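Asker: My structure is stored as start_22.txt, with compact mmCIF, N, CA and C atoms.
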```
# COMPACT_ATOMS: atom_id res chain seq x y z
N MET A 1 -2.41 14.14 -86.42
CA MET A 1 -2.41 13.09 -87.41
C MET A 1 -3.84 12.62 -87.66
N THR A 2 -4.17 12.33 -88.89
CA THR A 2 -5.50 11.84 -89.18
C THR A 2 -5.58 10.36 -88.84
N ASP A 3 -6.80 9.84 -88.71
CA ASP A 3 -6.98 8.42 -88.41
C ASP A 3 -6.39 7.54 -89.49
N SER A 4 -6.51 7.97 -90.76
CA SER A 4 -5.98 7.13 -91.85
C SER A 4 -4.45 7.04 -91.78
N ILE A 5 -3.78 8.12 -91.45
CA ILE A 5 -2.32 8.08 -91.33
C ILE A 5 -1.94 7.26 -90.11
N THR A 6 -2.69 7.40 -89.02
CA THR A 6 -2.40 6.61 -87.82
C THR A 6 -2.54 5.13 -88.13
N ALA A 7 -3.59 4.74 -88.84
CA ALA A 7 -3.77 3.33 -89.20
C ALA A 7 -2.64 2.86 -90.11
N LYS A 8 -2.28 3.68 -91.09
CA LYS A 8 -1.17 3.33 -91.97
C LYS A 8 0.11 3.16 -91.18
N THR A 9 0.34 4.07 -90.23
CA THR A 9 1.55 4.01 -89.41
C THR A 9 1.62 2.69 -88.65
N LEU A 10 0.50 2.26 -88.13
CA LEU A 10 0.48 1.03 -87.35
C LEU A 10 0.55 -0.22 -88.21
N LEU A 11 0.04 -0.16 -89.44
CA LEU A 11 -0.07 -1.35 -90.26
C LEU A 11 1.01 -1.49 -91.33
N SER A 12 1.61 -0.40 -91.74
CA SER A 12 2.57 -0.45 -92.83
C SER A 12 4.00 -0.47 -92.31
N PRO A 13 4.81 -1.42 -92.78
CA PRO A 13 6.20 -1.46 -92.34
C PRO A 13 7.06 -0.38 -92.98
N SER A 14 6.61 0.19 -94.10
CA SER A 14 7.43 1.17 -94.79
C SER A 14 6.53 2.24 -95.41
N LEU A 15 6.52 3.42 -94.81
CA LEU A 15 5.74 4.53 -95.33
C LEU A 15 6.60 5.37 -96.25
N THR A 16 5.96 6.11 -97.12
CA THR A 16 6.71 7.04 -97.96
C THR A 16 6.66 8.42 -97.34
N ARG A 17 7.50 9.31 -97.84
CA ARG A 17 7.52 10.69 -97.37
C ARG A 17 6.13 11.32 -97.53
N GLU A 18 5.41 10.96 -98.58
CA GLU A 18 4.08 11.53 -98.81
C GLU A 18 3.09 11.09 -97.74
N ASP A 19 3.27 9.90 -97.16
CA ASP A 19 2.35 9.41 -96.16
C ASP A 19 2.40 10.24 -94.88
N CYS A 20 3.60 10.56 -94.40
CA CYS A 20 3.68 11.24 -93.11
C CYS A 20 4.76 12.29 -93.02
N GLY A 21 5.53 12.48 -94.06
CA GLY A 21 6.55 13.51 -94.03
C GLY A 21 7.79 13.14 -93.23
N ILE A 22 7.90 11.90 -92.78
CA ILE A 22 9.05 11.52 -91.97
C ILE A 22 9.78 10.34 -92.58
N LEU A 23 9.11 9.22 -92.73
CA LEU A 23 9.79 8.01 -93.15
C LEU A 23 10.00 7.98 -94.66
N LEU A 24 11.05 7.32 -95.06
CA LEU A 24 11.36 7.16 -96.48
C LEU A 24 11.26 5.69 -96.84
N SER A 25 10.83 5.41 -98.06
CA SER A 25 10.56 4.02 -98.43
C SER A 25 11.81 3.18 -98.65
N ASP A 26 12.91 3.77 -99.07
CA ASP A 26 14.11 2.97 -99.26
C ASP A 26 15.36 3.82 -99.13
N LEU A 27 16.48 3.15 -99.10
CA LEU A 27 17.75 3.83 -98.89
C LEU A 27 18.13 4.75 -100.03
N GLU A 28 17.83 4.36 -101.25
CA GLU A 28 18.17 5.20 -102.40
C GLU A 28 17.36 6.48 -102.40
N GLU A 29 16.08 6.38 -102.08
CA GLU A 29 15.25 7.58 -102.00
C GLU A 29 15.81 8.52 -100.93
N PHE A 30 16.21 7.96 -99.81
CA PHE A 30 16.80 8.76 -98.74
C PHE A 30 18.05 9.48 -99.23
N ARG A 31 18.94 8.77 -99.91
CA ARG A 31 20.18 9.36 -100.40
C ARG A 31 19.90 10.51 -101.37
N ARG A 32 18.99 10.26 -102.32
CA ARG A 32 18.68 11.29 -103.31
C ARG A 32 18.05 12.53 -102.66
N TYR A 33 17.12 12.30 -101.76
CA TYR A 33 16.45 13.41 -101.08
C TYR A 33 17.47 14.22 -100.27
N ARG A 34 18.29 13.54 -99.50
CA ARG A 34 19.30 14.20 -98.66
C ARG A 34 20.26 15.02 -99.51
N GLU A 35 20.74 14.42 -100.59
CA GLU A 35 21.68 15.11 -101.48
C GLU A 35 21.04 16.35 -102.10
N ARG A 36 19.82 16.19 -102.60
CA ARG A 36 19.12 17.31 -103.26
C ARG A 36 18.87 18.45 -102.27
N MET A 37 18.38 18.13 -101.09
CA MET A 37 18.05 19.17 -100.12
C MET A 37 19.30 19.82 -99.53
N ASN A 38 20.36 19.04 -99.31
CA ASN A 38 21.61 19.64 -98.81
C ASN A 38 22.17 20.62 -99.84
N GLN A 39 22.11 20.24 -101.12
CA GLN A 39 22.58 21.15 -102.18
C GLN A 39 21.75 22.43 -102.18
N ARG A 40 20.45 22.28 -102.03
CA ARG A 40 19.56 23.45 -102.01
C ARG A 40 19.90 24.36 -100.83
N ILE A 41 20.03 23.78 -99.66
CA ILE A 41 20.31 24.55 -98.45
C ILE A 41 21.66 25.25 -98.56
N LEU A 42 22.67 24.52 -98.98
CA LEU A 42 24.02 25.09 -99.06
C LEU A 42 24.17 26.10 -100.20
N SER A 43 23.28 26.03 -101.20
CA SER A 43 23.35 26.96 -102.32
C SER A 43 22.98 28.38 -101.92
N THR A 44 22.39 28.56 -100.75
CA THR A 44 22.00 29.89 -100.30
C THR A 44 23.20 30.71 -99.83
N ASP A 45 24.35 30.06 -99.67
CA ASP A 45 25.57 30.74 -99.22
C ASP A 45 25.42 31.39 -97.85
N ASN A 46 24.56 30.84 -97.01
CA ASN A 46 24.44 31.34 -95.64
C ASN A 46 25.63 30.83 -94.83
N LEU A 47 26.45 31.74 -94.35
CA LEU A 47 27.68 31.38 -93.68
C LEU A 47 27.43 30.55 -92.42
N GLY A 48 26.44 30.89 -91.64
CA GLY A 48 26.12 30.15 -90.42
C GLY A 48 25.73 28.71 -90.71
N ILE A 49 24.90 28.52 -91.72
CA ILE A 49 24.48 27.17 -92.10
C ILE A 49 25.68 26.39 -92.61
N LYS A 50 26.49 26.99 -93.46
CA LYS A 50 27.68 26.30 -93.97
C LYS A 50 28.62 25.90 -92.84
N ARG A 51 28.80 26.77 -91.88
CA ARG A 51 29.67 26.46 -90.74
C ARG A 51 29.11 25.31 -89.92
N PHE A 52 27.80 25.31 -89.71
CA PHE A 52 27.20 24.22 -88.94
C PHE A 52 27.33 22.89 -89.67
N PHE A 53 27.06 22.87 -90.96
CA PHE A 53 27.22 21.65 -91.75
C PHE A 53 28.65 21.12 -91.66
N ALA A 54 29.62 22.03 -91.74
CA ALA A 54 31.03 21.63 -91.64
C ALA A 54 31.33 21.09 -90.24
N LEU A 55 30.83 21.75 -89.22
CA LEU A 55 31.03 21.29 -87.84
C LEU A 55 30.43 19.90 -87.65
N ASP A 56 29.23 19.70 -88.17
CA ASP A 56 28.56 18.40 -88.05
C ASP A 56 29.38 17.31 -88.72
N THR A 57 29.90 17.59 -89.90
CA THR A 57 30.71 16.61 -90.62
C THR A 57 31.98 16.28 -89.85
N ARG A 58 32.66 17.29 -89.37
CA ARG A 58 33.92 17.09 -88.65
C ARG A 58 33.74 16.37 -87.32
N ALA A 59 32.61 16.57 -86.69
CA ALA A 59 32.37 15.96 -85.37
C ALA A 59 32.43 14.44 -85.42
N TYR A 60 32.12 13.85 -86.57
CA TYR A 60 32.07 12.39 -86.69
C TYR A 60 33.35 11.80 -87.25
N GLU A 61 34.35 12.62 -87.51
CA GLU A 61 35.64 12.11 -87.98
C GLU A 61 36.39 11.47 -86.82
N LYS A 62 37.31 10.56 -87.15
CA LYS A 62 38.10 9.89 -86.13
C LYS A 62 38.87 10.92 -85.30
N GLY A 63 38.84 10.73 -84.01
CA GLY A 63 39.60 11.56 -83.06
C GLY A 63 39.96 10.66 -81.90
N ALA A 64 39.72 11.13 -80.69
CA ALA A 64 39.93 10.28 -79.52
C ALA A 64 39.00 9.06 -79.58
N LEU A 65 37.83 9.25 -80.19
CA LEU A 65 36.89 8.15 -80.44
C LEU A 65 36.96 7.80 -81.92
N ASP A 66 36.84 6.52 -82.22
CA ASP A 66 36.84 6.14 -83.64
C ASP A 66 35.50 6.51 -84.28
N ALA A 67 35.47 6.51 -85.60
CA ALA A 67 34.27 6.94 -86.34
C ALA A 67 33.07 6.05 -86.03
N LYS A 68 33.27 4.75 -85.86
CA LYS A 68 32.15 3.85 -85.58
C LYS A 68 31.50 4.21 -84.24
N THR A 69 32.31 4.45 -83.24
CA THR A 69 31.77 4.83 -81.92
C THR A 69 31.00 6.14 -82.01
N LYS A 70 31.55 7.11 -82.74
CA LYS A 70 30.86 8.38 -82.89
C LYS A 70 29.53 8.21 -83.62
N GLU A 71 29.50 7.35 -84.63
CA GLU A 71 28.24 7.10 -85.35
C GLU A 71 27.22 6.40 -84.45
N MET A 72 27.70 5.50 -83.58
CA MET A 72 26.78 4.87 -82.63
C MET A 72 26.22 5.91 -81.66
N LEU A 73 27.05 6.85 -81.22
CA LEU A 73 26.56 7.93 -80.37
C LEU A 73 25.52 8.76 -81.11
N GLY A 74 25.79 9.04 -82.39
CA GLY A 74 24.82 9.76 -83.21
C GLY A 74 23.51 9.00 -83.34
N LEU A 75 23.61 7.68 -83.50
CA LEU A 75 22.41 6.85 -83.59
C LEU A 75 21.61 6.90 -82.30
N VAL A 76 22.28 6.79 -81.17
CA VAL A 76 21.59 6.85 -79.88
C VAL A 76 20.91 8.21 -79.70
N ALA A 77 21.64 9.28 -79.95
CA ALA A 77 21.06 10.62 -79.80
C ALA A 77 19.88 10.82 -80.74
N SER A 78 20.02 10.38 -81.97
CA SER A 78 18.94 10.53 -82.95
C SER A 78 17.71 9.74 -82.57
N THR A 79 17.91 8.57 -81.98
CA THR A 79 16.79 7.75 -81.54
C THR A 79 16.08 8.41 -80.37
N VAL A 80 16.85 8.88 -79.41
CA VAL A 80 16.26 9.55 -78.26
C VAL A 80 15.50 10.80 -78.71
N LEU A 81 16.03 11.52 -79.68
CA LEU A 81 15.38 12.73 -80.20
C LEU A 81 14.26 12.41 -81.18
N ARG A 82 14.15 11.13 -81.59
CA ARG A 82 13.09 10.62 -82.46
C ARG A 82 13.11 11.27 -83.84
N CYS A 83 14.30 11.35 -84.42
CA CYS A 83 14.49 11.92 -85.76
C CYS A 83 14.76 10.78 -86.74
N ASN A 84 13.75 10.36 -87.49
CA ASN A 84 13.91 9.22 -88.40
C ASN A 84 14.93 9.47 -89.51
N ASP A 85 14.99 10.67 -90.05
CA ASP A 85 16.00 10.94 -91.07
C ASP A 85 17.40 10.79 -90.47
N CYS A 86 17.57 11.30 -89.25
CA CYS A 86 18.87 11.19 -88.56
C CYS A 86 19.20 9.73 -88.26
N ILE A 87 18.20 8.98 -87.82
CA ILE A 87 18.38 7.55 -87.53
C ILE A 87 18.84 6.84 -88.80
N THR A 88 18.16 7.09 -89.91
CA THR A 88 18.52 6.45 -91.17
C THR A 88 19.97 6.77 -91.52
N TYR A 89 20.34 8.03 -91.44
CA TYR A 89 21.70 8.44 -91.76
C TYR A 89 22.72 7.70 -90.87
N HIS A 90 22.49 7.71 -89.56
CA HIS A 90 23.47 7.11 -88.64
C HIS A 90 23.51 5.58 -88.74
N VAL A 91 22.39 4.95 -89.04
CA VAL A 91 22.42 3.50 -89.26
C VAL A 91 23.28 3.18 -90.47
N ILE A 92 23.08 3.91 -91.56
CA ILE A 92 23.89 3.68 -92.77
C ILE A 92 25.37 3.88 -92.44
N ARG A 93 25.68 4.97 -91.75
CA ARG A 93 27.07 5.23 -91.40
C ARG A 93 27.63 4.16 -90.46
N CYS A 94 26.83 3.70 -89.51
CA CYS A 94 27.28 2.63 -88.61
C CYS A 94 27.62 1.38 -89.41
N VAL A 95 26.77 1.02 -90.35
CA VAL A 95 27.02 -0.16 -91.17
C VAL A 95 28.27 0.05 -92.02
N GLN A 96 28.41 1.24 -92.59
CA GLN A 96 29.62 1.54 -93.36
C GLN A 96 30.87 1.41 -92.50
N GLU A 97 30.75 1.73 -91.23
CA GLU A 97 31.89 1.66 -90.31
C GLU A 97 32.09 0.27 -89.71
N GLY A 98 31.23 -0.68 -90.09
CA GLY A 98 31.43 -2.07 -89.68
C GLY A 98 30.78 -2.48 -88.38
N ILE A 99 29.71 -1.81 -87.99
CA ILE A 99 29.02 -2.18 -86.75
C ILE A 99 28.51 -3.62 -86.84
N THR A 100 28.62 -4.35 -85.76
CA THR A 100 28.07 -5.70 -85.71
C THR A 100 26.62 -5.63 -85.23
N GLU A 101 25.89 -6.70 -85.42
CA GLU A 101 24.51 -6.72 -84.95
C GLU A 101 24.46 -6.58 -83.43
N LYS A 102 25.39 -7.21 -82.72
CA LYS A 102 25.42 -7.08 -81.26
C LYS A 102 25.66 -5.63 -80.83
N GLU A 103 26.62 -4.97 -81.48
CA GLU A 103 26.89 -3.57 -81.16
C GLU A 103 25.68 -2.70 -81.47
N PHE A 104 25.05 -2.96 -82.60
CA PHE A 104 23.89 -2.19 -83.02
C PHE A 104 22.77 -2.27 -81.99
N PHE A 105 22.45 -3.49 -81.56
CA PHE A 105 21.36 -3.64 -80.60
C PHE A 105 21.74 -3.15 -79.22
N GLU A 106 22.99 -3.20 -78.87
CA GLU A 106 23.42 -2.63 -77.59
C GLU A 106 23.26 -1.11 -77.61
N ALA A 107 23.61 -0.48 -78.73
CA ALA A 107 23.41 0.96 -78.86
C ALA A 107 21.92 1.30 -78.79
N LEU A 108 21.08 0.51 -79.47
CA LEU A 108 19.63 0.76 -79.41
C LEU A 108 19.09 0.56 -78.00
N ASN A 109 19.66 -0.36 -77.25
CA ASN A 109 19.24 -0.55 -75.87
C ASN A 109 19.52 0.70 -75.04
N ILE A 110 20.67 1.32 -75.26
CA ILE A 110 20.99 2.57 -74.55
C ILE A 110 19.96 3.64 -74.92
N ALA A 111 19.64 3.74 -76.21
CA ALA A 111 18.64 4.71 -76.65
C ALA A 111 17.29 4.46 -75.99
N LEU A 112 16.92 3.20 -75.88
CA LEU A 112 15.64 2.85 -75.25
C LEU A 112 15.63 3.20 -73.77
N VAL A 113 16.72 2.91 -73.08
CA VAL A 113 16.80 3.22 -71.65
C VAL A 113 16.75 4.73 -71.43
N VAL A 114 17.48 5.48 -72.24
CA VAL A 114 17.51 6.93 -72.08
C VAL A 114 16.20 7.56 -72.55
N GLY A 115 15.69 7.11 -73.70
CA GLY A 115 14.53 7.75 -74.30
C GLY A 115 13.18 7.21 -73.87
N GLY A 116 13.14 6.00 -73.33
CA GLY A 116 11.89 5.42 -72.90
C GLY A 116 11.10 4.77 -74.02
N SER A 117 9.92 4.28 -73.66
CA SER A 117 9.12 3.50 -74.60
C SER A 117 8.67 4.29 -75.82
N ILE A 118 8.68 5.61 -75.75
CA ILE A 118 8.28 6.42 -76.90
C ILE A 118 9.25 6.25 -78.07
N THR A 119 10.45 5.72 -77.79
CA THR A 119 11.43 5.51 -78.87
C THR A 119 11.24 4.18 -79.60
N ILE A 120 10.36 3.32 -79.11
CA ILE A 120 10.19 1.99 -79.72
C ILE A 120 9.86 2.06 -81.21
N PRO A 121 8.94 2.93 -81.66
CA PRO A 121 8.71 3.01 -83.10
C PRO A 121 9.97 3.39 -83.89
N HIS A 122 10.85 4.16 -83.28
CA HIS A 122 12.08 4.59 -83.94
C HIS A 122 13.12 3.48 -83.91
N LEU A 123 13.07 2.63 -82.89
CA LEU A 123 13.91 1.43 -82.90
C LEU A 123 13.50 0.54 -84.06
N ARG A 124 12.21 0.42 -84.29
CA ARG A 124 11.73 -0.38 -85.43
C ARG A 124 12.30 0.16 -86.73
N ARG A 125 12.25 1.48 -86.88
CA ARG A 125 12.79 2.10 -88.10
C ARG A 125 14.27 1.81 -88.23
N ALA A 126 15.01 1.94 -87.13
CA ALA A 126 16.44 1.69 -87.16
C ALA A 126 16.74 0.25 -87.58
N VAL A 127 15.99 -0.69 -87.04
CA VAL A 127 16.21 -2.10 -87.38
C VAL A 127 15.86 -2.35 -88.84
N GLU A 128 14.79 -1.74 -89.31
CA GLU A 128 14.42 -1.89 -90.71
C GLU A 128 15.54 -1.39 -91.62
N VAL A 129 16.09 -0.24 -91.33
CA VAL A 129 17.17 0.32 -92.14
C VAL A 129 18.43 -0.54 -92.02
N PHE A 130 18.73 -1.01 -90.82
CA PHE A 130 19.88 -1.89 -90.60
C PHE A 130 19.75 -3.13 -91.47
N ASP A 131 18.57 -3.75 -91.46
CA ASP A 131 18.35 -4.95 -92.27
C ASP A 131 18.48 -4.65 -93.76
N GLN A 132 17.96 -3.50 -94.20
CA GLN A 132 18.09 -3.11 -95.61
C GLN A 132 19.56 -2.93 -95.98
N CYS A 133 20.32 -2.31 -95.10
CA CYS A 133 21.75 -2.10 -95.36
C CYS A 133 22.47 -3.44 -95.47
N LYS A 134 22.22 -4.31 -94.53
CA LYS A 134 22.88 -5.62 -94.53
C LYS A 134 22.50 -6.41 -95.78
N GLU A 135 21.26 -6.31 -96.21
CA GLU A 135 20.81 -7.01 -97.41
C GLU A 135 21.53 -6.46 -98.65
N LYS A 136 21.66 -5.14 -98.73
CA LYS A 136 22.39 -4.54 -99.85
C LYS A 136 23.83 -5.04 -99.88
N LEU A 137 24.47 -5.10 -98.73
CA LEU A 137 25.86 -5.56 -98.68
C LEU A 137 25.97 -7.03 -99.09
N LYS A 138 24.99 -7.85 -98.68
CA LYS A 138 24.98 -9.26 -99.09
C LYS A 138 24.93 -9.41 -100.59
N LYS A 139 24.19 -8.50 -101.23
CA LYS A 139 24.05 -8.53 -102.68
C LYS A 139 25.22 -7.87 -103.40
N GLY A 140 26.22 -7.42 -102.63
CA GLY A 140 27.37 -6.77 -103.22
C GLY A 140 27.13 -5.33 -103.64
N GLN A 141 26.05 -4.73 -103.16
CA GLN A 141 25.72 -3.34 -103.49
C GLN A 141 26.38 -2.43 -102.45
N SER A 142 26.67 -1.21 -102.88
CA SER A 142 27.30 -0.27 -101.96
C SER A 142 26.25 0.53 -101.21
N LEU A 143 26.69 1.07 -100.07
CA LEU A 143 25.84 1.96 -99.27
C LEU A 143 26.40 3.37 -99.45
N ASN A 144 25.69 4.18 -100.20
CA ASN A 144 26.15 5.54 -100.45
C ASN A 144 25.26 6.53 -99.74
N LEU A 145 25.85 7.62 -99.34
CA LEU A 145 25.10 8.74 -98.77
C LEU A 145 25.27 9.97 -99.62
```
Show me this structure written as structure tokens.
Answerer:
Amino acid sequence: MTDSITAKTLLSPSLTREDCGILLSDLEEFRRYRERMNQRILSTDNLGIKRFFALDTRAYEKGALDAKTKEMLGLVASTVLRCNDCITYHVIRCVQEGITEKEFFEALNIALVVGGSITIPHLRRAVEVFDQCKEKLKKGQSLNL
């Protein structure tokens, strides 16, 4: 990373994809990017990729565990793995599934304990997305993926 990106990372609460290739500036940009790239990837008709996408989707459906619990597990795993796109996705899904603030922070605590202090910047991202989601809901806006 260059010094200018490092400084931006430390000083800016919301970077764009152009700044560092990881963070997205808002939820709508994330949705559009995810939709566009998933369409591109799936348009290749690669059977292995299609099967994995289907497996990933089905894994989070209600089963012995409810969907909210599975999304919280996804959030914890994504935080430990330090994948901001994954964190954004799972935070949105957690909010869609009705996660409370207490549940959200308890899940992040598990991620912090498992992942260590290196996950703190990703906790910040998760909280930022959580707050954006809650704000959208307050305004009567929907959370779409």
Asker: Using DSSP assignments from the backbone, pull out every residue in stretch 59-121 of chain A that falls under helix (DSSP H, G or I) and give it to me as a ChimeraX atom specification.
Answerer: /A:59,67-81,84-96,101-115,117-121
Asker: Of the candidates A:Leu75, A:Thr88, A:Gly63, A:Ile49, which one gets nearest to A:Arg125 if we count all atoms listed in the file?
Answerer: A:Thr88
Asker: Could you jot down the atom CA of A:Gly115 to atom CA of A:Cys83 separation for me, Å, one decimal place?
Answerer: 12.2 Å
Asker: Quick check, in Å to one decimal: how far apart do atom C of A:Phe53 and atom N of A:Val129 lie?
Answerer: 24.8 Å
Asker: Using atom C of A:Ile110 and atom N of A:Ala77 as the two end points, give the distance in Å to one decimal.
Answerer: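 Those two atoms sit 7.7 Å apart.
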Asker: From the options A:Leu143, A:Asn109, A:Thr119, A:Asn38, which residue's atoms come nearest to A:Val95, counting all atoms listed in the file?
Answerer: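 Looking at the shortest contact to A:Val95, the residue is A:Leu143.
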Asker: May I ask which of the residues A:Ala67, A:Cys94, A:Leu55, A:Leu81 is the closest one to A:Ala111, counting all atoms listed in the file?
Answerer: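 Under the stated criterion, the closest residue is A:Leu81.
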Asker: I want to know what sits within 8 Å of A:Cys133, based on only N, CA and C atoms, with residues of the same chain fewer than 4 positions away left out; could you give that as an MDAnalysis selection string?
Answerer: chainID A and resid 27 91:92 95:96 127:129 137:139 142:143
Asker: Filtering to N, CA and C atoms, could you give me those residues as a CSV table (one decimal), keeping the file's coordinate frame?
Answerer:
```csv
chain,number,residue,atom,x,y,z
A,27,LEU,N,16.5,3.2,-99.1
A,27,LEU,CA,17.8,3.8,-98.9
A,27,LEU,C,18.1,4.8,-100.0
A,91,VAL,N,22.4,5.0,-89.0
A,91,VAL,CA,22.4,3.5,-89.3
A,91,VAL,C,23.3,3.2,-90.5
A,92,ILE,N,23.1,3.9,-91.6
A,92,ILE,CA,23.9,3.7,-92.8
A,92,ILE,C,25.4,3.9,-92.4
A,95,VAL,N,26.8,1.0,-90.4
A,95,VAL,CA,27.0,-0.2,-91.2
A,95,VAL,C,28.3,0.0,-92.0
A,96,GLN,N,28.4,1.2,-92.6
A,96,GLN,CA,29.6,1.5,-93.4
A,96,GLN,C,30.9,1.4,-92.5
A,127,VAL,N,16.0,-0.7,-87.0
A,127,VAL,CA,16.2,-2.1,-87.4
A,127,VAL,C,15.9,-2.4,-88.8
A,128,GLU,N,14.8,-1.7,-89.3
A,128,GLU,CA,14.4,-1.9,-90.7
A,128,GLU,C,15.5,-1.4,-91.6
A,129,VAL,N,16.1,-0.2,-91.3
A,129,VAL,CA,17.2,0.3,-92.1
A,129,VAL,C,18.4,-0.5,-92.0
A,137,LEU,N,24.5,-5.1,-98.7
A,137,LEU,CA,25.9,-5.6,-98.7
A,137,LEU,C,26.0,-7.0,-99.1
A,138,LYS,N,25.0,-7.8,-98.7
A,138,LYS,CA,25.0,-9.3,-99.1
A,138,LYS,C,24.9,-9.4,-100.6
A,139,LYS,N,24.2,-8.5,-101.2
A,139,LYS,CA,24.0,-8.5,-102.7
A,139,LYS,C,25.2,-7.9,-103.4
A,142,SER,N,26.7,-1.2,-102.9
A,142,SER,CA,27.3,-0.3,-102.0
A,142,SER,C,26.2,0.5,-101.2
A,143,LEU,N,26.7,1.1,-100.1
A,143,LEU,CA,25.8,2.0,-99.3
A,143,LEU,C,26.4,3.4,-99.4
```
Asker: Within 8 Å of (28.7, 24.0, -96.4), all atoms listed in the file: residues as number ranges by chain?
Answerer: A: 41-43, 45-55
Asker: Write the residues of the preceding selection, restricted to N, CA and C atoms, as a PDB file, in the frame of the given file.
Answerer:
```
ATOM      1  N   ILE A  41      20.030  23.780 -99.660  1.00  0.00           N
ATOM      2  CA  ILE A  41      20.310  24.550 -98.450  1.00  0.00           C
ATOM      3  C   ILE A  41      21.660  25.250 -98.560  1.00  0.00           C
ATOM      4  N   LEU A  42      22.670  24.520 -98.980  1.00  0.00           N
ATOM      5  CA  LEU A  42      24.020  25.090 -99.060  1.00  0.00           C
ATOM      6  C   LEU A  42      24.170  26.100-100.200  1.00  0.00           C
ATOM      7  N   SER A  43      23.280  26.030-101.200  1.00  0.00           N
ATOM      8  CA  SER A  43      23.350  26.960-102.320  1.00  0.00           C
ATOM      9  C   SER A  43      22.980  28.380-101.920  1.00  0.00           C
ATOM     10  N   ASP A  45      24.350  30.060 -99.670  1.00  0.00           N
ATOM     11  CA  ASP A  45      25.570  30.740 -99.220  1.00  0.00           C
ATOM     12  C   ASP A  45      25.420  31.390 -97.850  1.00  0.00           C
ATOM     13  N   ASN A  46      24.560  30.840 -97.010  1.00  0.00           N
ATOM     14  CA  ASN A  46      24.440  31.340 -95.640  1.00  0.00           C
ATOM     15  C   ASN A  46      25.630  30.830 -94.830  1.00  0.00           C
ATOM     16  N   LEU A  47      26.450  31.740 -94.350  1.00  0.00           N
ATOM     17  CA  LEU A  47      27.680  31.380 -93.680  1.00  0.00           C
ATOM     18  C   LEU A  47      27.430  30.550 -92.420  1.00  0.00           C
ATOM     19  N   GLY A  48      26.440  30.890 -91.640  1.00  0.00           N
ATOM     20  CA  GLY A  48      26.120  30.150 -90.420  1.00  0.00           C
ATOM     21  C   GLY A  48      25.730  28.710 -90.710  1.00  0.00           C
ATOM     22  N   ILE A  49      24.900  28.520 -91.720  1.00  0.00           N
ATOM     23  CA  ILE A  49      24.480  27.170 -92.100  1.00  0.00           C
ATOM     24  C   ILE A  49      25.680  26.390 -92.610  1.00  0.00           C
ATOM     25  N   LYS A  50      26.490  26.990 -93.460  1.00  0.00           N
ATOM     26  CA  LYS A  50      27.680  26.300 -93.970  1.00  0.00           C
ATOM     27  C   LYS A  50      28.620  25.900 -92.840  1.00  0.00           C
ATOM     28  N   ARG A  51      28.800  26.770 -91.880  1.00  0.00           N
ATOM     29  CA  ARG A  51      29.670  26.460 -90.740  1.00  0.00           C
ATOM     30  C   ARG A  51      29.110  25.310 -89.920  1.00  0.00           C
ATOM     31  N   PHE A  52      27.800  25.310 -89.710  1.00  0.00           N
ATOM     32  CA  PHE A  52      27.200  24.220 -88.940  1.00  0.00           C
ATOM     33  C   PHE A  52      27.330  22.890 -89.670  1.00  0.00           C
ATOM     34  N   PHE A  53      27.060  22.870 -90.960  1.00  0.00           N
ATOM     35  CA  PHE A  53      27.220  21.650 -91.750  1.00  0.00           C
ATOM     36  C   PHE A  53      28.650  21.120 -91.660  1.00  0.00           C
ATOM     37  N   ALA A  54      29.620  22.030 -91.740  1.00  0.00           N
ATOM     38  CA  ALA A  54      31.030  21.630 -91.640  1.00  0.00           C
ATOM     39  C   ALA A  54      31.330  21.090 -90.240  1.00  0.00           C
ATOM     40  N   LEU A  55      30.830  21.750 -89.220  1.00  0.00           N
ATOM     41  CA  LEU A  55      31.030  21.290 -87.840  1.00  0.00           C
ATOM     42  C   LEU A  55      30.430  19.900 -87.650  1.00  0.00           C
TER      43      LEU A  55
END
```
